[in-house]
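Dropping protein-v2.txt in here (compact mmCIF, C-alpha atoms):
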# COMPACT_ATOMS: atom_id res chain seq x y z
CA MET A 283 -26.59 -22.06 -27.82
CA LEU A 284 -22.85 -21.68 -27.26
CA THR A 285 -20.06 -24.21 -27.51
CA VAL A 286 -17.52 -24.77 -24.75
CA LYS A 287 -14.97 -22.63 -26.60
CA GLN A 288 -17.47 -19.81 -27.09
CA VAL A 289 -18.38 -19.84 -23.38
CA ALA A 290 -14.69 -19.83 -22.46
CA ASP A 291 -14.05 -16.88 -24.77
CA LEU A 292 -17.09 -15.04 -23.41
CA THR A 293 -16.33 -15.48 -19.72
CA GLY A 294 -12.54 -15.68 -19.63
CA ILE A 295 -12.41 -19.06 -17.89
CA THR A 296 -10.67 -22.03 -19.44
CA ILE A 297 -12.20 -24.92 -21.33
CA LYS A 298 -10.58 -27.21 -18.77
CA THR A 299 -12.46 -25.42 -15.98
CA LEU A 300 -15.78 -25.85 -17.78
CA TYR A 301 -15.08 -29.57 -18.24
CA HIS A 302 -14.24 -29.81 -14.52
CA TYR A 303 -17.47 -28.05 -13.53
CA HIS A 304 -19.35 -30.55 -15.69
CA LYS A 305 -17.48 -33.51 -14.22
CA ILE A 306 -18.32 -32.61 -10.61
CA GLY A 307 -21.93 -31.74 -11.46
CA LEU A 308 -21.59 -28.04 -10.72
CA LEU A 309 -22.47 -26.86 -14.23
CA GLU A 310 -23.85 -29.30 -16.75
CA PRO A 311 -24.32 -28.28 -20.39
CA GLY A 312 -27.85 -27.67 -21.57
CA GLU A 313 -27.36 -30.10 -24.42
CA ILE A 314 -24.82 -32.60 -25.67
CA THR A 315 -24.96 -33.23 -29.43
CA GLU A 316 -24.67 -36.63 -31.07
CA ALA A 317 -21.12 -35.66 -31.96
CA GLY A 318 -20.37 -35.07 -28.27
CA TYR A 319 -20.28 -31.27 -28.34
CA ARG A 320 -21.35 -29.57 -25.13
CA LEU A 321 -23.73 -26.66 -25.65
CA TYR A 322 -24.75 -24.00 -23.15
CA GLY A 323 -27.89 -21.87 -23.20
CA LYS A 324 -29.12 -18.83 -21.28
CA LYS A 325 -29.99 -20.86 -18.18
CA GLU A 326 -26.50 -22.37 -17.99
CA LEU A 327 -24.84 -19.00 -18.56
CA GLU A 328 -26.84 -17.46 -15.72
CA LYS A 329 -25.79 -20.31 -13.44
CA LEU A 330 -22.16 -19.86 -14.52
CA GLN A 331 -22.40 -16.17 -13.70
CA HIS A 332 -23.43 -17.03 -10.13
CA ILE A 333 -20.58 -19.54 -9.86
CA LEU A 334 -18.02 -16.99 -11.00
CA PHE A 335 -19.39 -14.39 -8.59
CA TYR A 336 -18.99 -16.82 -5.69
CA ARG A 337 -15.52 -17.82 -6.88
CA GLU A 338 -14.58 -14.13 -6.88
CA LEU A 339 -15.65 -14.12 -3.22
CA ASP A 340 -13.33 -17.10 -2.58
CA PHE A 341 -16.15 -19.59 -1.98
CA PRO A 342 -14.96 -23.21 -2.42
CA LEU A 343 -16.69 -25.20 -5.15
CA GLU A 344 -18.31 -27.51 -2.60
CA SER A 345 -19.98 -24.56 -0.86
CA ILE A 346 -21.14 -23.09 -4.19
CA GLN A 347 -22.68 -26.42 -5.10
CA LYS A 348 -24.63 -26.48 -1.83
CA ILE A 349 -25.86 -22.90 -2.37
CA LEU A 350 -27.00 -23.63 -5.92
CA TYR A 351 -28.74 -26.79 -4.72
CA GLU A 352 -31.02 -24.62 -2.58
CA LYS A 353 -32.54 -23.36 -5.85
CA LYS A 354 -33.14 -19.79 -4.74
CA SER A 355 -34.57 -17.37 -7.25
CA ARG A 356 -32.04 -15.66 -9.48
CA TYR A 357 -33.04 -12.27 -8.04
CA ASP A 358 -32.56 -13.39 -4.42
CA MET A 359 -29.20 -14.92 -5.24
CA LEU A 360 -28.04 -11.78 -7.03
CA MET A 361 -29.08 -9.63 -4.07
CA GLU A 362 -27.14 -11.88 -1.67
CA GLN A 363 -24.09 -11.75 -3.92
CA LYS A 364 -24.41 -7.99 -4.24
CA LYS A 365 -24.33 -7.63 -0.43
CA LEU A 366 -21.36 -9.99 -0.11
CA ILE A 367 -19.38 -8.16 -2.78
CA GLU A 368 -20.23 -4.74 -1.29
CA ASP A 369 -19.03 -5.92 2.14
CA LYS A 370 -15.85 -7.29 0.62
CA GLY A 371 -15.37 -4.02 -1.25
CA LYS A 372 -15.60 -2.05 1.99
CA ARG A 373 -13.01 -4.31 3.61
CA MET A 374 -10.72 -4.04 0.59
CA ASN A 375 -11.03 -0.24 0.62
CA LEU A 376 -10.09 -0.15 4.30
CA ILE A 377 -7.14 -2.44 3.71
CA LEU A 378 -6.06 -0.43 0.65
CA ASN A 379 -6.19 2.76 2.71
CA THR A 380 -4.13 1.06 5.40
CA ILE A 381 -1.56 -0.07 2.81
CA ASN A 382 -1.35 3.43 1.35
CA GLU A 383 -0.92 4.92 4.81
CA THR A 384 1.75 2.35 5.67
CA ILE A 385 3.61 3.14 2.43
CA TYR A 386 3.41 6.83 3.33
CA PHE A 387 5.07 6.18 6.71
CA GLU A 388 7.63 3.75 5.25
CA GLU A 389 8.73 6.29 2.65
CA ARG A 390 9.41 8.77 5.44
CA GLY A 391 11.08 6.29 7.74
CA GLU A 392 8.28 6.63 10.27
CA VAL A 393 6.29 3.97 12.11
CA ILE A 394 2.54 3.61 11.62
CA ASP A 395 0.72 3.25 14.94
CA ASN A 396 -0.61 -0.15 15.98
CA GLN A 397 -4.27 0.80 15.86
CA ASN A 398 -4.03 1.92 12.25
CA MET A 399 -2.46 -1.37 11.23
CA PHE A 400 -5.68 -3.15 12.27
CA LYS A 401 -8.08 -1.29 9.95
CA GLY A 402 -10.13 -3.50 7.67
CA LEU A 403 -9.00 -6.88 8.93
CA ASN A 404 -11.07 -10.04 8.67
CA GLN A 405 -11.41 -12.70 11.36
CA GLU A 406 -8.26 -14.66 10.44
CA GLN A 407 -6.21 -11.49 10.11
CA TRP A 408 -7.40 -10.26 13.53
CA GLN A 409 -6.45 -13.59 15.08
CA GLU A 410 -2.98 -13.31 13.58
CA GLN A 411 -2.57 -9.67 14.68
CA LEU A 412 -3.64 -10.49 18.24
CA LYS A 413 -1.31 -13.49 18.46
CA GLU A 414 1.70 -11.42 19.57
CA GLN A 415 -0.34 -9.44 22.08
CA ASN A 416 -1.84 -12.63 23.53
CA GLU A 417 1.62 -14.15 23.91
CA TYR A 418 2.64 -11.05 25.86
CA LEU A 419 -0.50 -11.03 28.03
CA GLN A 420 -0.24 -14.75 28.73
CA GLY A 421 3.42 -14.47 29.69
CA ASN A 422 2.93 -11.47 31.96
CA TYR A 423 -0.64 -11.70 33.24
CA GLN A 424 -1.78 -15.27 32.50
CA TYR A 425 -4.59 -13.81 30.39
CA GLU A 426 -5.55 -14.04 26.73
CA ILE A 427 -7.95 -12.09 24.56
CA PRO A 428 -10.54 -14.61 23.25
CA VAL A 429 -10.06 -15.02 19.48
CA ASP A 430 -12.18 -18.04 18.55
CA ASN A 431 -15.41 -16.11 17.99
CA ILE A 432 -14.05 -12.80 16.79
CA GLU A 433 -16.53 -10.45 15.14
CA ALA A 434 -14.18 -8.79 12.66
CA GLU A 435 -16.44 -5.89 11.72
CA GLN A 436 -17.08 -5.06 15.38
CA LEU A 437 -13.36 -5.13 16.12
CA ASN A 438 -12.62 -2.94 13.12
CA GLU A 439 -15.18 -0.42 14.31
CA SER A 440 -13.85 -0.53 17.88
CA ALA A 441 -10.30 -0.05 16.60
CA ARG A 442 -11.38 2.96 14.55
CA GLU A 443 -13.17 4.54 17.53
CA SER A 444 -10.23 3.87 19.86
CA LYS A 445 -7.80 5.31 17.31
CA ALA A 446 -9.96 8.42 16.88
CA PHE A 447 -10.14 8.88 20.68
CA MET A 448 -6.38 8.56 21.15
CA ASP A 449 -5.75 10.94 18.24
CA LYS A 450 -8.00 13.53 19.86
CA MET A 451 -6.33 13.07 23.25
CA ALA A 452 -2.91 13.45 21.62
CA PHE A 453 -4.14 16.60 19.91
CA ALA A 454 -5.42 17.94 23.24
CA LEU A 455 -2.03 17.24 24.84
CA THR A 456 -0.07 18.99 22.09
CA LYS A 457 -2.42 21.98 22.27
CA GLY A 458 -1.90 22.27 26.00
CA TRP A 459 -5.47 21.58 27.08
CA ALA A 460 -5.61 21.03 30.84
CA VAL A 461 -6.90 17.67 32.04
CA ASN A 462 -9.89 19.43 33.60
CA ASP A 463 -10.73 21.21 30.34
CA GLU A 464 -14.37 20.63 29.40
CA ARG A 465 -13.32 19.50 25.95
CA VAL A 466 -11.12 16.78 27.40
CA LYS A 467 -13.89 15.62 29.72
CA GLN A 468 -16.25 15.48 26.75
CA LEU A 469 -13.82 13.28 24.83
CA ILE A 470 -13.58 10.84 27.72
CA SER A 471 -17.33 10.88 28.25
CA GLU A 472 -18.02 10.01 24.61
CA HIS A 473 -15.36 7.27 24.64
CA ILE A 474 -16.75 5.64 27.78
CA LYS A 475 -20.25 5.84 26.31
CA TYR A 476 -19.06 4.05 23.17
CA ILE A 477 -17.43 1.30 25.27
CA ASN A 478 -20.63 0.85 27.28
CA ASP A 479 -22.86 0.81 24.20
CA ASN A 480 -20.73 -1.53 22.12
CA ASN A 481 -18.26 -3.55 24.19
CA MET A 482 -18.72 -3.81 27.95
CA LYS A 483 -20.02 -1.91 30.95
CA VAL A 484 -17.36 0.45 32.29
CA ASP A 485 -17.75 3.22 34.88
CA SER A 486 -15.42 6.17 35.39
CA GLN A 487 -13.38 4.44 38.10
CA GLU A 488 -12.84 1.36 35.95
CA PHE A 489 -11.69 3.66 33.18
CA VAL A 490 -9.11 5.13 35.58
CA GLU A 491 -7.86 1.59 36.27
CA SER A 492 -7.51 0.88 32.55
CA ALA A 493 -5.63 4.17 32.09
CA TRP A 494 -3.32 3.18 34.95
CA PHE A 495 -2.63 -0.10 33.15
CA PHE A 496 -1.37 1.90 30.16
CA ILE A 497 1.22 3.49 32.45
CA THR A 498 2.36 0.44 34.41
CA ASP A 499 2.52 -1.98 31.47
CA GLU A 500 5.51 -1.24 29.23
CA PHE A 501 4.07 -2.88 26.10
CA HIS A 502 0.89 -0.80 26.14
CA LYS A 503 2.55 2.35 27.47
CA ASN A 504 4.95 2.30 24.53
CA MET A 505 2.00 2.10 22.15
CA LEU A 506 0.78 5.47 23.44
CA GLU A 507 4.18 7.04 23.95
CA ASP A 508 5.18 6.16 20.37
CA GLN A 509 2.14 8.10 19.22
CA GLN A 510 2.80 11.14 21.42
CA THR A 511 5.28 11.58 24.26
CA GLY A 512 3.43 11.92 27.56
CA LEU A 513 0.12 10.60 26.19
CA ALA A 514 -0.12 7.69 28.63
CA TYR A 515 0.34 9.99 31.64
CA TYR A 516 -1.97 12.63 30.19
CA LEU A 517 -4.70 10.03 29.69
CA TYR A 518 -4.31 8.79 33.26
CA ALA A 519 -4.43 12.29 34.76
CA ALA A 520 -7.45 13.19 32.64
CA SER A 521 -9.26 9.99 33.65
CA ILE A 522 -8.68 10.74 37.36
CA ASN A 523 -10.03 14.24 36.95
CA TYR A 524 -13.05 12.92 35.03
CA ALA A 525 -13.80 10.35 37.75
CA LYS A 526 -13.62 13.04 40.45
CA GLN A 527 -16.01 15.29 38.55
CA GLY A 528 -18.42 12.38 38.09
What is this file in structure tokens?
Amino acid sequence: MLTVKQVADLTGITIKTLYHYHKIGLLEPGEITEAGYRLYGKKELEKLQHILFYRELDFPLESIQKILYEKKSRYDMLMEQKKLIEDKGKRMNLILNTINETIYFEERGEVIDNQNMFKGLNQEQWQEQLKEQNEYLQGNYQYEIPVDNIEAEQLNESARESKAFMDKMAFALTKGWAVNDERVKQLISEHIKYINDNNMKVDSQEFVESAWFFITDEFHKNMLEDQQTGLAYYLYAASINYAKQG
């Protein structure tokens, strides 16, 4: 069995932390000698490993205590932690990519587009990012985007799809594709299908109305125009043509 100091040296946590875990009943030593030395065996080390994994995931001690109280098998707990850490890793990779991309634009004195700034955000970060937009919508249209029950992963995916669609439309504009070009119609068709499959039911005419909003509303028009001059108008013209063909 290992002493408190040996466990601290092995795991990198402090002796004070181990004493605190003992005090609150989170991790009790396997044995306390007559001299008062706390000793930890394999069972306690395995439990400490789970605690440290959850701490790495920013779980509060109270929540960890409740999880450990459920007495799940070590295998099941490890599999749950593996999934949680993998999900966190994906979010961190997205955020790291966003940071790197932002640095790239900052170094060149350019502005990263709004959609790209949203990649990899969690629920609290999405709520903060949408705060400014909601203030604008409330002031101008008496409307707010609901933020209480945000599904962060769904919003991240929707932001990625929307960004990819706008990038392709901007590319089509710069390449001189006509709004009735089959490739442009295919882009709009795929985008509307994604919206219907993942967000809400939208027909071609409703898509025209949303495209018109991007022209008439300065805040949202500037988002597109900052990406590519003429993009808002190109999107609107393409949506009208698509609706007529439908």
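Closest to Asp340 of chain A among A:Lys370, A:Arg465, A:Lys457, A:Lys483 is A:Lys370, based on all atoms listed in the file.
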Between atom CA of Asp479 of chain A and atom CA of Glu439 of chain A, distance in Å (one decimal):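 Answer for the atom CA of Asp479 of chain A to atom CA of Glu439 of chain A separation: 12.6 Å.
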Exercise: Leu308 of chain A partners within 9 Å, all atoms listed in the file, chain neighbours under 2 positions left out, as a list in words: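 Non-adjacent residues within range: His302, Tyr303, His304, Lys305, Ile306, Glu310, Ile333, Leu343, Glu344, Ile346, Gln347 and Leu350 of chain A.
Picture a line from atom CA of Leu360 of chain A to atom CA of Leu330 of chain A; it runs 12.5 Å.
You will find atom CA of Ser444 of chain A at 22.1 Å from atom CA of Asp369 of chain A.
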Surrounding residues of Tyr301 of chain A excluding itself and chain neighbours under 4 positions, 10 Å, only C-alpha atoms, as a list in words: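 The residues that qualify are Val286, Thr296, Ile297, Lys305, Ile306, Gly307, Leu309, Glu310, Pro311 and Arg320 of chain A.
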Nearest to Ser471 of chain A by atom-to-atom distance, counting only C-alpha atoms, from A:Lys298, A:Asp508, A:Asn523, A:Phe453: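 Going through A:Lys298, A:Asp508, A:Asn523, A:Phe453 one by one, the smallest distance to Ser471 of chain A is for A:Asn523.
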